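For reference, the structure discussed in these notes is given below.
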Amino acid sequence: MQLYNSLGQTRQEFVPYSDKIVNMYTCGPTVYHYAHIGNLRTYIMEDVLEKYLRFSGYNVNRVMNITDVGHLSSDADTGEDKMLAGAKREHKGVLEIARFYTDAFFSDCAKLNIKRPDVVEPATNCIDEFIHMISVLLEKGYAYVAGGNVYFDTSKLDNYYVFGNMNEDDLAVGVRDSVEEDVNKRNKTDFVLWFTKSKFEDQELKWESPWGLGYPGWHIECSSISYKHNGEYLDIHCGGIDNAFPHHTNEIAQSESFIGHKWCKYWFHVLHLNDARGKMSKSKGGFLTVSLLESKGYDPLVYRMFCLQSHYRKPLTFTYESLDNTAKAYEKLISRIAGITPDGETDMAKAEELIGKFKEALDNDLNTALGLTALYDVLKADVNGATKLYVIGELDRVLSLNLIREKQESEPQADDNLTAEIEALIQKRTEARAAKDWATADAIRDKLKEMNVTVKDSKDGITWEFNK
């Protein structure tokens, strides 16, 4: 399997530290609001990666944090805590907000067939772990206390910008907010490990620490939670491309300084989902959610398929027109699969050959677009129905599009009363057409369409059937 590694910016053969288990970490949501579909594109692709690793025979230990404290509105560790902002917005407590939006996030994940990670750890569960890691960094000389806060000293590192060249001028103050420079920092790239009440006296969540009453910085959370559940050696760290700097850069700095050796081998970053305004963002307002798509009549799995049609390392532009096209393709795909008769015995040699083409696509830097092509090739393959259905079921372990469904779901059966109603409508439509009353005929056709009925006119008469 070849994966693009953001650390080094090259495609590399995937070779985990251990042949027994793949340790995988994914940055979880900051639970101050609903996840928008741009966020969820990242989680869909991470889900595909995890499922493909398992499909390929690896054991996986996937860990995800929940940021319920410490994530500020600026990349320069300044501005208001996002959780506090969410609580103020809805006039609720921070933990109440966190519970509600954590549940909402995993509800959206379930609708998109995103598997829940093996470990899900809220930041507020790990205060002792954060304090321990910060204490060790201070003892080793990688951190310092200034103005009541604890900072990581980036000047102690040989190479801070591990993901490539960065523009240091962008870090003089905040990346996202117009904020004043933090005069407590020794270097403008230093970042906060622990905040105290001296700077954030209105913070609802605070804990006692050796440096005073306060709360952790955002970056220390992921390092500590991964160390707690994945250990000293991490195989894959995932996240959106906007987390590469400074969040993931800071994670590497503090994690490797803490443990004393190389930490994570592969960094898997998913590029942005864009709309007409550019990168999708909560800060712009009016962001799209799974619930909004559902309210417009879309199956959430249509959005999953929409994401799978594009490579994770390419920006993806969302429009309703493109989603409509995907919806039609998805409906046709489900219909074609539903029409396969499971005849004959599964030809395992042919099945493995077809599965091999799918694996070839996913081994190529998780190319899900080519993976979908391999799926369509199965439908066209010169093999019996049983073999096709077996292969489709195997591929869907990774794609998770609910491709094989119960027969009655795809082919509803009419009871006697419904049959009589349909045939009565068809008769009225026939009479309207004979009288050239096209408005009535069209209205009846639309009514039948709403009932999921297709009417076919031929020289042999009129027939009807439920849409598959």
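Going through the structure tokens in order, the chains are called A, B, and so on, while each chain numbers its residues from 1 and the ligands are numbered from 1 in the order shown.
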Which of range 328-401 of chain A counts as helix (DSSP H, G or I) under DSSP, as number ranges by chain please?
A: 328-338, 348-363, 368-380, 385-399
So which residues touch range 251-267 of chain A within 10 Å, counting only C-alpha atoms, skipping near sequence neighbours fewer than 4 positions away, as a PyMOL selection string?
chain A and resi 3-9+12+14-17+23-25+133-143+152-154+156-157+159-163+193+218-224+226-227+231-239+244-247
Show which residues sit within 9 Å of Ala104 in chain A, as a PyMOL selection string. Count only C-alpha atoms, and ignore same-chain residues fewer than 6 positions away.
chain A and resi 33-35
Restricting it to C-alpha atoms, dump the selection as a PDB file, in the first residue's frame.
ATOM      1  CA  HIS A  33     -21.454  23.534  17.140  1.00  0.00           C
ATOM      2  CA  TYR A  34     -22.679  21.035  14.546  1.00  0.00           C
ATOM      3  CA  ALA A  35     -20.102  19.526  12.212  1.00  0.00           C
TER       4      ALA A  35
END
All residues 12 Å or closer to Glu360 in chain A, only C-alpha atoms, same chain fewer than 2 positions away omitted, as number ranges by chain
A: 1-2, 52, 56, 352-358, 362-374
Excluding range 110-112 of chain A and its own-chain neighbours fewer than 6 positions away, which residues fall within 8 Å of it when counting only C-alpha atoms? Please give them as a list in words.
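So, after excluding close chain neighbours, the residues are Ile44, Pro300, Leu301, Tyr303 and Arg304 of chain A.
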Same residues, C-alpha atoms, saved as a PDB file, in the first residue's frame:
ATOM      1  CA  ILE A  44     -15.384   9.966   5.786  1.00  0.00           C
ATOM      2  CA  PRO A 300     -26.663  11.033   3.678  1.00  0.00           C
ATOM      3  CA  LEU A 301     -24.960   8.164   1.846  1.00  0.00           C
ATOM      4  CA  TYR A 303     -22.913  12.695   0.252  1.00  0.00           C
ATOM      5  CA  ARG A 304     -20.562   9.859   1.218  1.00  0.00           C
TER       6      ARG A 304
END
